[in-house]
>>> print(open('upload.cif').read())   # mmCIF, C-alpha atoms
data_target
#
loop_
_atom_site.group_PDB
_atom_site.id
_atom_site.type_symbol
_atom_site.label_atom_id
_atom_site.label_comp_id
_atom_site.auth_asym_id
_atom_site.auth_seq_id
_atom_site.Cartn_x
_atom_site.Cartn_y
_atom_site.Cartn_z
ATOM 1 C CA MET N 1 2.192 22.993 -42.993
ATOM 2 C CA LYS N 2 3.749 20.311 -40.808
ATOM 3 C CA SER N 3 5.260 22.912 -38.489
ATOM 4 C CA LYS N 4 1.858 24.574 -37.993
ATOM 5 C CA ARG N 5 0.316 21.207 -37.216
ATOM 6 C CA LYS N 6 3.029 20.441 -34.673
ATOM 7 C CA ILE N 7 2.534 23.847 -33.033
ATOM 8 C CA GLN N 8 -1.208 23.211 -32.855
ATOM 9 C CA GLU N 9 -0.653 19.778 -31.312
ATOM 10 C CA LEU N 10 1.772 21.302 -28.789
ATOM 11 C CA LYS N 11 -0.816 23.939 -27.819
ATOM 12 C CA GLU N 12 -3.475 21.269 -27.358
ATOM 13 C CA PHE N 13 -1.067 19.171 -25.294
ATOM 14 C CA ILE N 14 -0.285 22.140 -23.028
ATOM 15 C CA CYS N 15 -3.970 22.996 -22.628
ATOM 16 C CA TYR N 16 -4.822 19.441 -21.575
ATOM 17 C CA THR N 17 -1.884 18.917 -19.235
ATOM 18 C CA ALA N 18 -1.436 22.412 -17.757
ATOM 19 C CA PRO N 19 -4.298 22.209 -15.181
ATOM 20 C CA ALA N 20 -3.035 18.890 -13.829
ATOM 21 C CA MET N 21 0.577 20.069 -13.772
ATOM 22 C CA ILE N 22 -0.362 23.270 -11.938
ATOM 23 C CA LEU N 23 -2.327 21.365 -9.285
ATOM 24 C CA ILE N 24 0.421 18.756 -8.848
ATOM 25 C CA THR N 25 3.017 21.514 -8.515
ATOM 26 C CA LEU N 26 0.968 23.424 -5.936
ATOM 27 C CA PHE N 27 -0.135 20.510 -3.772
ATOM 28 C CA VAL N 28 2.696 18.001 -4.265
ATOM 29 C CA GLY N 29 5.808 19.572 -5.766
ATOM 30 C CA ILE N 30 6.094 22.708 -3.631
ATOM 31 C CA PRO N 31 5.239 20.943 -0.311
ATOM 32 C CA PHE N 32 7.802 18.241 -1.155
ATOM 33 C CA LEU N 33 10.524 20.835 -1.742
ATOM 34 C CA MET N 34 9.526 22.577 1.494
ATOM 35 C CA CYS N 35 9.801 19.226 3.287
ATOM 36 C CA ILE N 36 13.357 18.754 1.995
ATOM 37 C CA TYR N 37 14.205 22.323 3.046
ATOM 38 C CA ASN N 38 12.788 21.840 6.558
ATOM 39 C CA SER N 39 14.630 18.530 6.986
ATOM 40 C CA PHE N 40 17.881 20.500 7.334
ATOM 41 C CA ARG N 41 16.441 22.804 9.967
ATOM 42 C CA LYS N 42 15.110 22.759 13.519
ATOM 43 C CA TRP N 43 11.489 23.946 13.578
ATOM 44 C CA ASN N 44 8.549 23.374 15.902
ATOM 45 C CA GLY N 45 5.970 24.021 13.170
ATOM 46 C CA ILE N 46 4.643 27.181 14.854
ATOM 47 C CA SER N 47 7.476 29.658 15.167
ATOM 48 C CA LYS N 48 8.341 31.914 12.223
ATOM 49 C CA HIS N 49 12.020 31.380 12.891
ATOM 50 C CA THR N 50 13.915 28.186 12.076
ATOM 51 C CA THR N 51 17.481 27.129 12.819
ATOM 52 C CA PHE N 52 19.754 25.496 10.266
ATOM 53 C CA VAL N 53 21.206 22.245 11.657
ATOM 54 C CA GLY N 54 22.618 20.657 8.496
ATOM 55 C CA LEU N 55 22.632 16.855 8.549
ATOM 56 C CA LYS N 56 22.008 16.632 12.288
ATOM 57 C CA ASN N 57 18.434 15.408 11.815
ATOM 58 C CA TYR N 58 19.560 12.640 9.461
ATOM 59 C CA ARG N 59 22.380 11.525 11.753
ATOM 60 C CA LYS N 60 19.990 11.390 14.688
ATOM 61 C CA LEU N 61 17.356 9.241 12.992
ATOM 62 C CA LEU N 62 19.932 6.772 11.652
ATOM 63 C CA VAL N 63 22.004 6.241 14.818
ATOM 64 C CA GLY N 64 20.215 7.855 17.759
ATOM 65 C CA ASP N 65 16.524 7.084 17.379
ATOM 66 C CA PRO N 66 15.541 3.515 18.356
ATOM 67 C CA THR N 67 11.861 4.346 17.821
ATOM 68 C CA PHE N 68 12.458 5.177 14.166
ATOM 69 C CA LEU N 69 14.580 2.065 13.641
ATOM 70 C CA HIS N 70 11.844 -0.070 15.228
ATOM 71 C CA ALA N 71 9.236 1.633 13.036
ATOM 72 C CA LEU N 72 11.411 0.938 10.000
ATOM 73 C CA GLY N 73 11.693 -2.739 10.928
ATOM 74 C CA PHE N 74 7.951 -3.062 11.573
ATOM 75 C CA THR N 75 7.144 -1.349 8.276
ATOM 76 C CA PHE N 76 9.273 -3.809 6.300
ATOM 77 C CA LEU N 77 7.812 -6.772 8.212
ATOM 78 C CA TYR N 78 4.267 -5.501 7.763
ATOM 79 C CA ALA N 79 4.797 -4.798 4.043
ATOM 80 C CA LEU N 80 6.358 -8.222 3.470
ATOM 81 C CA PHE N 81 3.434 -10.163 4.934
ATOM 82 C CA VAL N 82 0.723 -7.922 3.482
ATOM 83 C CA VAL N 83 2.191 -8.023 -0.036
ATOM 84 C CA ILE N 84 2.591 -11.812 0.020
ATOM 85 C CA PHE N 85 -0.806 -12.650 1.509
ATOM 86 C CA ILE N 86 -2.841 -10.081 -0.387
ATOM 87 C CA ASN N 87 -1.415 -11.018 -3.794
ATOM 88 C CA VAL N 88 -1.524 -14.791 -3.273
ATOM 89 C CA LEU N 89 -5.062 -14.756 -1.874
ATOM 90 C CA SER N 90 -6.450 -12.308 -4.439
ATOM 91 C CA LEU N 91 -4.918 -14.268 -7.337
ATOM 92 C CA PHE N 92 -6.240 -17.562 -5.932
ATOM 93 C CA LEU N 93 -9.742 -16.124 -5.502
ATOM 94 C CA ALA N 94 -9.608 -14.530 -8.956
ATOM 95 C CA VAL N 95 -8.812 -17.905 -10.523
ATOM 96 C CA LEU N 96 -11.574 -19.513 -8.459
ATOM 97 C CA LEU N 97 -14.147 -16.894 -9.453
ATOM 98 C CA GLU N 98 -13.240 -17.264 -13.122
ATOM 99 C CA THR N 99 -14.287 -20.917 -13.055
ATOM 100 C CA LYS N 100 -17.894 -22.029 -13.596
ATOM 101 C CA ILE N 101 -19.030 -21.093 -10.112
ATOM 102 C CA ARG N 102 -22.472 -19.778 -9.216
ATOM 103 C CA GLY N 103 -22.878 -16.287 -7.781
ATOM 104 C CA LYS N 104 -19.721 -14.721 -9.265
ATOM 105 C CA GLY N 105 -21.160 -11.211 -9.146
ATOM 106 C CA PHE N 106 -22.219 -11.579 -5.515
ATOM 107 C CA PHE N 107 -18.803 -12.777 -4.359
ATOM 108 C CA ARG N 108 -16.972 -10.070 -6.313
ATOM 109 C CA THR N 109 -19.174 -7.422 -4.709
ATOM 110 C CA MET N 110 -18.716 -8.849 -1.203
ATOM 111 C CA PHE N 111 -14.946 -8.937 -1.552
ATOM 112 C CA TYR N 112 -14.797 -5.389 -2.971
ATOM 113 C CA ILE N 113 -17.072 -3.627 -0.458
ATOM 114 C CA PRO N 114 -14.379 -3.241 2.284
ATOM 115 C CA ASN N 115 -12.179 -1.439 -0.244
ATOM 116 C CA ILE N 116 -14.664 1.413 -0.692
ATOM 117 C CA VAL N 117 -14.990 2.037 3.061
ATOM 118 C CA SER N 118 -12.678 4.563 4.711
ATOM 119 C CA LEU N 119 -9.558 3.030 6.249
ATOM 120 C CA VAL N 120 -10.215 4.975 9.457
ATOM 121 C CA VAL N 121 -13.726 3.520 9.681
ATOM 122 C CA ILE N 122 -12.388 0.017 8.976
ATOM 123 C CA GLY N 123 -9.881 0.455 11.787
ATOM 124 C CA PHE N 124 -12.513 1.507 14.316
ATOM 125 C CA ILE N 125 -14.867 -1.300 13.247
ATOM 126 C CA TRP N 126 -12.211 -3.968 13.759
ATOM 127 C CA LYS N 127 -11.107 -2.343 17.005
ATOM 128 C CA PHE N 128 -14.677 -2.722 18.273
ATOM 129 C CA ILE N 129 -14.773 -6.347 17.028
ATOM 130 C CA CYS N 130 -11.466 -7.285 18.658
ATOM 131 C CA ILE N 131 -12.349 -5.693 21.987
ATOM 132 C CA ARG N 132 -16.111 -5.943 22.415
ATOM 133 C CA VAL N 133 -17.331 -8.670 20.058
ATOM 134 C CA PHE N 134 -14.514 -11.134 20.714
ATOM 135 C CA ASP N 135 -14.918 -10.588 24.451
ATOM 136 C CA GLN N 136 -18.614 -11.559 24.287
ATOM 137 C CA LEU N 137 -17.883 -14.517 22.010
ATOM 138 C CA ALA N 138 -15.270 -15.741 24.482
ATOM 139 C CA ILE N 139 -17.877 -15.657 27.252
ATOM 140 C CA LEU N 140 -20.532 -17.399 25.144
ATOM 141 C CA THR N 141 -18.325 -20.079 23.587
ATOM 142 C CA GLY N 142 -15.542 -20.415 26.131
ATOM 143 C CA SER N 143 -13.068 -20.436 23.233
ATOM 144 C CA SER N 144 -9.497 -19.406 24.049
ATOM 145 C CA PHE N 145 -9.192 -17.974 20.510
ATOM 146 C CA PHE N 146 -11.610 -15.138 21.256
ATOM 147 C CA ALA N 147 -10.211 -14.648 24.751
ATOM 148 C CA LYS N 148 -6.798 -13.630 23.447
ATOM 149 C CA SER N 149 -5.748 -9.989 23.554
ATOM 150 C CA TRP N 150 -5.614 -9.354 19.813
ATOM 151 C CA LEU N 151 -4.745 -5.685 20.243
ATOM 152 C CA GLY N 152 -3.052 -5.771 23.636
ATOM 153 C CA ASP N 153 -0.391 -8.390 22.978
ATOM 154 C CA PRO N 154 2.472 -6.985 20.834
ATOM 155 C CA LYS N 155 2.837 -10.088 18.638
ATOM 156 C CA LEU N 156 -0.914 -10.613 18.210
ATOM 157 C CA ALA N 157 -1.355 -6.902 17.424
ATOM 158 C CA VAL N 158 1.044 -7.283 14.492
ATOM 159 C CA VAL N 159 -0.945 -10.304 13.272
ATOM 160 C CA THR N 160 -4.194 -8.335 13.610
ATOM 161 C CA THR N 161 -2.937 -5.340 11.629
ATOM 162 C CA VAL N 162 -1.721 -7.594 8.813
ATOM 163 C CA ALA N 163 -4.971 -9.609 8.756
ATOM 164 C CA VAL N 164 -7.203 -6.519 8.698
ATOM 165 C CA SER N 165 -5.087 -4.858 6.007
ATOM 166 C CA VAL N 166 -5.289 -7.953 3.795
ATOM 167 C CA TRP N 167 -9.051 -8.239 4.360
ATOM 168 C CA GLN N 168 -9.603 -4.576 3.513
ATOM 169 C CA GLY N 169 -7.541 -4.448 0.321
ATOM 170 C CA LEU N 170 -8.290 -7.910 -1.055
ATOM 171 C CA GLY N 171 -11.174 -6.815 -3.288
ATOM 172 C CA PHE N 172 -9.185 -4.223 -5.211
ATOM 173 C CA TYR N 173 -6.430 -6.638 -6.202
ATOM 174 C CA LEU N 174 -9.020 -9.324 -6.908
ATOM 175 C CA ILE N 175 -10.609 -7.119 -9.579
ATOM 176 C CA ILE N 176 -7.228 -6.400 -11.179
ATOM 177 C CA TYR N 177 -6.365 -10.099 -11.373
ATOM 178 C CA ILE N 178 -9.810 -10.979 -12.748
ATOM 179 C CA ALA N 179 -9.314 -8.397 -15.500
ATOM 180 C CA GLY N 180 -5.925 -9.923 -16.291
ATOM 181 C CA LEU N 181 -7.325 -13.460 -16.419
ATOM 182 C CA GLN N 182 -10.129 -12.363 -18.732
ATOM 183 C CA SER N 183 -7.572 -10.971 -21.173
ATOM 184 C CA VAL N 184 -6.003 -14.413 -21.667
ATOM 185 C CA SER N 185 -7.171 -15.933 -24.943
ATOM 186 C CA ASP N 186 -9.275 -19.092 -24.667
ATOM 187 C CA GLU N 187 -7.528 -20.441 -27.780
ATOM 188 C CA VAL N 188 -4.157 -20.381 -26.024
ATOM 189 C CA ILE N 189 -5.517 -22.250 -23.012
ATOM 190 C CA GLU N 190 -7.273 -24.762 -25.256
ATOM 191 C CA ALA N 191 -4.050 -25.353 -27.198
ATOM 192 C CA ALA N 192 -2.211 -26.077 -23.948
ATOM 193 C CA ARG N 193 -4.986 -28.458 -22.911
ATOM 194 C CA ILE N 194 -4.726 -30.313 -26.243
ATOM 195 C CA ASP N 195 -0.960 -30.603 -25.730
ATOM 196 C CA GLY N 196 -1.687 -32.485 -22.519
ATOM 197 C CA ALA N 197 -0.973 -29.767 -19.930
ATOM 198 C CA GLY N 198 -2.895 -30.181 -16.692
ATOM 199 C CA ALA N 199 -4.695 -27.374 -14.850
ATOM 200 C CA VAL N 200 -1.710 -26.489 -12.647
ATOM 201 C CA ARG N 201 0.756 -26.658 -15.550
ATOM 202 C CA ARG N 202 -1.538 -24.514 -17.734
ATOM 203 C CA PHE N 203 -1.739 -21.863 -15.039
ATOM 204 C CA PHE N 204 1.973 -21.545 -14.274
ATOM 205 C CA SER N 205 3.272 -22.068 -17.828
ATOM 206 C CA VAL N 206 0.608 -20.266 -19.872
ATOM 207 C CA VAL N 207 -1.781 -18.127 -17.821
ATOM 208 C CA PHE N 208 0.589 -16.669 -15.214
ATOM 209 C CA PRO N 209 3.160 -15.330 -17.721
ATOM 210 C CA MET N 210 0.350 -13.714 -19.737
ATOM 211 C CA ILE N 211 -1.087 -11.862 -16.718
ATOM 212 C CA MET N 212 2.329 -10.575 -15.649
ATOM 213 C CA PRO N 213 1.301 -6.913 -16.300
ATOM 214 C CA SER N 214 -1.468 -7.367 -13.704
ATOM 215 C CA VAL N 215 0.984 -9.016 -11.296
ATOM 216 C CA SER N 216 3.451 -6.167 -11.817
ATOM 217 C CA PHE N 217 0.792 -3.524 -11.097
ATOM 218 C CA CYS N 218 -0.543 -5.313 -8.005
ATOM 219 C CA MET N 219 2.923 -5.866 -6.584
ATOM 220 C CA PHE N 220 3.905 -2.229 -7.151
ATOM 221 C CA TYR N 221 0.674 -0.877 -5.675
ATOM 222 C CA SER N 222 0.640 -3.208 -2.666
ATOM 223 C CA VAL N 223 4.283 -2.487 -1.779
ATOM 224 C CA ALA N 224 3.825 1.285 -2.058
ATOM 225 C CA ASN N 225 0.595 1.247 -0.013
ATOM 226 C CA SER N 226 2.080 -1.004 2.671
ATOM 227 C CA MET N 227 5.169 1.163 3.077
ATOM 228 C CA LYS N 228 2.987 4.269 3.480
ATOM 229 C CA MET N 229 0.216 2.748 5.617
ATOM 230 C CA PHE N 230 -1.076 5.168 8.233
ATOM 231 C CA GLU N 231 -4.859 5.525 8.581
ATOM 232 C CA LEU N 232 -5.773 1.907 9.304
ATOM 233 C CA ILE N 233 -3.097 1.349 11.947
ATOM 234 C CA PHE N 234 -3.713 4.802 13.461
ATOM 235 C CA SER N 235 -7.380 3.999 14.124
ATOM 236 C CA LEU N 236 -6.924 0.284 14.890
ATOM 237 C CA THR N 237 -3.995 0.169 17.330
ATOM 238 C CA GLY N 238 -2.656 3.728 17.459
ATOM 239 C CA GLY N 239 0.780 2.198 16.975
ATOM 240 C CA GLY N 240 0.509 0.196 20.192
ATOM 241 C CA PRO N 241 0.803 -1.576 22.423
ATOM 242 C CA GLY N 242 3.803 0.622 23.095
ATOM 243 C CA ILE N 243 5.376 1.035 19.667
ATOM 244 C CA ALA N 244 4.811 -2.573 18.549
ATOM 245 C CA THR N 245 2.704 -1.616 15.506
ATOM 246 C CA THR N 246 4.099 1.836 14.751
ATOM 247 C CA PRO N 247 4.974 2.169 11.034
ATOM 248 C CA ILE N 248 7.227 4.901 9.654
ATOM 249 C CA ALA N 249 4.282 7.054 8.556
ATOM 250 C CA LEU N 250 2.782 7.041 12.063
ATOM 251 C CA ASP N 251 6.197 7.720 13.606
ATOM 252 C CA ILE N 252 6.542 10.739 11.304
ATOM 253 C CA TYR N 253 3.095 11.950 12.401
ATOM 254 C CA ASN N 254 3.970 11.576 16.085
ATOM 255 C CA THR N 255 7.298 13.360 15.627
ATOM 256 C CA ALA N 256 5.874 16.303 13.712
ATOM 257 C CA PHE N 257 2.455 16.859 15.281
ATOM 258 C CA ASN N 258 2.621 15.313 18.757
ATOM 259 C CA ASN N 259 6.226 16.262 19.575
ATOM 260 C CA ASN N 260 6.186 19.512 17.536
ATOM 261 C CA ASN N 261 9.437 18.680 15.777
ATOM 262 C CA PHE N 262 8.670 19.403 12.136
ATOM 263 C CA GLY N 263 12.289 19.578 11.054
ATOM 264 C CA TYR N 264 13.061 16.106 12.365
ATOM 265 C CA GLY N 265 9.747 14.764 11.036
ATOM 266 C CA SER N 266 10.583 16.181 7.606
ATOM 267 C CA ALA N 267 13.909 14.332 7.624
ATOM 268 C CA LYS N 268 12.078 11.089 8.366
ATOM 269 C CA SER N 269 9.678 11.838 5.500
ATOM 270 C CA VAL N 270 12.558 12.278 3.072
ATOM 271 C CA ILE N 271 14.067 8.956 4.170
ATOM 272 C CA LEU N 272 10.698 7.236 3.657
ATOM 273 C CA PHE N 273 10.436 8.801 0.191
ATOM 274 C CA ILE N 274 13.902 7.538 -0.752
ATOM 275 C CA ILE N 275 13.123 4.025 0.513
ATOM 276 C CA VAL N 276 9.821 3.808 -1.367
ATOM 277 C CA CYS N 277 11.395 5.166 -4.559
ATOM 278 C CA ALA N 278 14.304 2.718 -4.398
ATOM 279 C CA ILE N 279 12.024 -0.281 -3.806
ATOM 280 C CA SER N 280 9.656 0.850 -6.554
ATOM 281 C CA VAL N 281 12.422 1.257 -9.145
ATOM 282 C CA ILE N 282 13.906 -2.165 -8.352
ATOM 283 C CA GLN N 283 10.498 -3.801 -8.370
ATOM 284 C CA VAL N 284 9.266 -2.222 -11.601
ATOM 285 C CA THR N 285 12.533 -3.062 -13.371
ATOM 286 C CA PHE N 286 12.326 -6.697 -12.234
ATOM 287 C CA PHE N 287 8.708 -7.233 -13.271
ATOM 288 C CA LYS N 288 9.057 -5.353 -16.551
ATOM 289 C CA ASN N 289 11.824 -7.774 -17.511
ATOM 290 C CA LYS N 290 9.498 -10.636 -16.655
ATOM 291 C CA GLU N 291 6.793 -9.121 -18.850
ATOM 292 C CA ILE N 292 9.207 -8.988 -21.792
ATOM 293 C CA GLU N 293 10.142 -12.623 -21.241
ATOM 294 C CA ALA N 294 6.524 -13.596 -21.137
#
>>> encode(input="upload.cif", output="structure tokens")
Amino acid sequence: MKSKRKIQELKEFICYTAPAMILITLFVGIPFLMCIYNSFRKWNGISKHTTFVGLKNYRKLLVGDPTFLHALGFTFLYALFVVIFINVLSLFLAVLLETKIRGKGFFRTMFYIPNIVSLVVIGFIWKFICIRVFDQLAILTGSSFFAKSWLGDPKLAVVTTVAVSVWQGLGFYLIIYIAGLQSVSDEVIEAARIDGAGAVRRFFSVVFPMIMPSVSFCMFYSVANSMKMFELIFSLTGGGPGIATTPIALDIYNTAFNNNNFGYGSAKSVILFIIVCAISVIQVTFFKNKEIEA
């Protein structure tokens, strides 16, 4: 009887998971294996014939490609600032919106709206603002702030991409942190207040450890998204000026589709995959340990 029940449960499990597994295999698994295969070959993406080059592509991108190394450095710098600012600001705003403040629903909606707009559209909107709107504001106000070349100066372009990315994604992480704060029991907070803990002490000693699952999720998601960012920067700066704001994902796109070097672009994709996986494993392990301690 038990064996029949287990067989039935196995059949139900297969029926529920098979469609998803088939789709993932077709659209993720097989293309990923093809990417690994092409990374060892020279291919322009059009010809039916490819040439096996072994590890030549990997040697080239690690020692003979300054553009890739610059893109790697920019990606880490971009991810570092975006992850820090977006998590600190979203957590601060979540705490603020969970206090007795009027118009909570309005502010939550306003912060979340940019997250539902296409990243490409967001990029073009802010490109128009930085070029056209700021130019007119500089004329009207005479302010040197608006007169600066926010997309033309390499250093300011980096600041702009980080600022726009934080602005666009803030609402999503805000909702996650609000959900985490709402899961904290009022009795626990009240007990800490009775024990004499102030607002700051209550947050860091009681509330923050209890919302660690939300922190872990937001950190993981923000790091992964930042390392793979493409659409926003593609439409906002195009990787410029020069290659000042070119992340790895955009460098891969340029290599494969603009330079018609799919083999070399595939090798870069594999390296990006390894980097993201390594960071994700380290990060998840670290925060999971913190969750256990909490």
>>> closest_atom_pairs(input="upload.cif", of="region 178-279 of chain N", to="region 119-134 of chain N", cutoff="8 Å", atoms="all atoms listed in the file", output="JSON lines")
{"residue": "N:Glu231", "atom": "CA", "partner": "N:Val120", "partner_atom": "CA", "distance": 5.5}
{"residue": "N:Leu232", "atom": "CA", "partner": "N:Leu119", "partner_atom": "CA", "distance": 5.0}
{"residue": "N:Ile233", "atom": "CA", "partner": "N:Gly123", "partner_atom": "CA", "distance": 6.8}
{"residue": "N:Phe234", "atom": "CA", "partner": "N:Val120", "partner_atom": "CA", "distance": 7.6}
{"residue": "N:Ser235", "atom": "CA", "partner": "N:Gly123", "partner_atom": "CA", "distance": 4.9}
{"residue": "N:Leu236", "atom": "CA", "partner": "N:Gly123", "partner_atom": "CA", "distance": 4.3}
{"residue": "N:Thr237", "atom": "CA", "partner": "N:Lys127", "partner_atom": "CA", "distance": 7.5}
>>> residues_around(input="upload.cif", residues="region 147-162 of chain N", least_positions_apart="3", cutoff="7 Å", atoms="only C-alpha atoms", output="PyMOL selection string")
chain N and resi 78+81-82+130+134-135+138+143-144+165-166+233+237+241+244-245
>>> atom_distance(input="upload.cif", atom1="CA of Ser90 (chain N)", atom2="CA of Ile175 (chain N)")
8.4 Å
>>> residues_around(input="upload.cif", residues="region 53-70 of chain N", least_positions_apart="3", cutoff="9 Å", atoms="all atoms listed in the file", output="MDAnalysis selection string")
chainID N and resid 39:42 73:75 243:244 246:248 251:252 263:268 271
>>> residues_around(input="upload.cif", residues="Asn225 (chain N)", least_positions_apart="4", cutoff="10 Å", atoms="all atoms listed in the file", output="JSON, numbers by chain")
{"N": [79, 82, 83, 169, 219, 220, 221, 229, 230, 276]}
>>> atom_distance(input="upload.cif", atom1="CA of Leu91 (chain N)", atom2="CA of Tyr173 (chain N)")
7.9 Å
>>> closest_residue(input="upload.cif", among="N:Val200, N:Arg5, N:Met210, N:Phe286", to="Ser185 (chain N)", atoms="all atoms listed in the file")
N:Met210
>>> atom_distance(input="upload.cif", atom1="CA of Val188 (chain N)", atom2="CA of Phe204 (chain N)")
13.3 Å
>>> resolve_selection(input="upload.cif", expression="the PyMOL selection byres ((chain N and resi 211) around 8)", output="JSON, numbers by chain")
{"N": [177, 180, 181, 183, 184, 207, 208, 209, 210, 212, 213, 214, 215]}
>>> closest_residue(input="upload.cif", among="N:Leu77, N:Ile116, N:Ala199, N:Ala71", to="Gly242 (chain N)", atoms="all atoms listed in the file")
N:Ala71
>>> resolve_selection(input="upload.cif", expression="the PyMOL selection byres ((chain N and resi 35) around 8)", output="PDB file with C-alpha atoms, keeping the file's coordinate frame")
ATOM      1  CA  PRO N  31       5.239  20.943  -0.311  1.00  0.00           C
ATOM      2  CA  PHE N  32       7.802  18.241  -1.155  1.00  0.00           C
ATOM      3  CA  LEU N  33      10.524  20.835  -1.742  1.00  0.00           C
ATOM      4  CA  MET N  34       9.526  22.577   1.494  1.00  0.00           C
ATOM      5  CA  ILE N  36      13.357  18.754   1.995  1.00  0.00           C
ATOM      6  CA  TYR N  37      14.205  22.323   3.046  1.00  0.00           C
ATOM      7  CA  ASN N  38      12.788  21.840   6.558  1.00  0.00           C
ATOM      8  CA  SER N  39      14.630  18.530   6.986  1.00  0.00           C
ATOM      9  CA  SER N 266      10.583  16.181   7.606  1.00  0.00           C
ATOM     10  CA  ALA N 267      13.909  14.332   7.624  1.00  0.00           C
ATOM     11  CA  SER N 269       9.678  11.838   5.500  1.00  0.00           C
ATOM     12  CA  VAL N 270      12.558  12.278   3.072  1.00  0.00           C
TER      13      VAL N 270
END
>>> residues_near_point(input="upload.cif", point="(-11.0, -16.3, -6.5)", cutoff="12 Å", atoms="only C-alpha atoms", output="ChimeraX atom specification")
/N:86-101,103-105,107-108,110-111,170-171,173-178,181
>>> write_last_selection(input="upload.cif", atoms="C-alpha atoms", output="tab-separated table (two decimals), in the coordinates of the input")
chain	number	residue	atom	x	y	z
N	86	ILE	CA	-2.84	-10.08	-0.39
N	87	ASN	CA	-1.42	-11.02	-3.79
N	88	VAL	CA	-1.52	-14.79	-3.27
N	89	LEU	CA	-5.06	-14.76	-1.87
N	90	SER	CA	-6.45	-12.31	-4.44
N	91	LEU	CA	-4.92	-14.27	-7.34
N	92	PHE	CA	-6.24	-17.56	-5.93
N	93	LEU	CA	-9.74	-16.12	-5.50
N	94	ALA	CA	-9.61	-14.53	-8.96
N	95	VAL	CA	-8.81	-17.90	-10.52
N	96	LEU	CA	-11.57	-19.51	-8.46
N	97	LEU	CA	-14.15	-16.89	-9.45
N	98	GLU	CA	-13.24	-17.26	-13.12
N	99	THR	CA	-14.29	-20.92	-13.06
N	100	LYS	CA	-17.89	-22.03	-13.60
N	101	ILE	CA	-19.03	-21.09	-10.11
N	103	GLY	CA	-22.88	-16.29	-7.78
N	104	LYS	CA	-19.72	-14.72	-9.26
N	105	GLY	CA	-21.16	-11.21	-9.15
N	107	PHE	CA	-18.80	-12.78	-4.36
N	108	ARG	CA	-16.97	-10.07	-6.31
N	110	MET	CA	-18.72	-8.85	-1.20
N	111	PHE	CA	-14.95	-8.94	-1.55
N	170	LEU	CA	-8.29	-7.91	-1.06
N	171	GLY	CA	-11.17	-6.82	-3.29
N	173	TYR	CA	-6.43	-6.64	-6.20
N	174	LEU	CA	-9.02	-9.32	-6.91
N	175	ILE	CA	-10.61	-7.12	-9.58
N	176	ILE	CA	-7.23	-6.40	-11.18
N	177	TYR	CA	-6.36	-10.10	-11.37
N	178	ILE	CA	-9.81	-10.98	-12.75
N	181	LEU	CA	-7.32	-13.46	-16.42
>>> closest_residue(input="upload.cif", among="N:Ile274, N:Leu80, N:Val164, N:Leu10", to="Ser222 (chain N)", atoms="all atoms listed in the file")
N:Leu80
>>> closest_residue(input="upload.cif", among="N:Ser280, N:Ser3, N:Asn44, N:Ser226", to="Thr255 (chain N)", atoms="all atoms listed in the file")
N:Asn44
>>> axis_aligned_box(input="upload.cif", around="region 204-219 of chain N", padding_each_side="3 Å", output="AutoDock Vina command-line options")
--center_x 0.8 --center_y -12.8 --center_z -13.2 --size_x 11.2 --size_y 24.5 --size_z 19.3
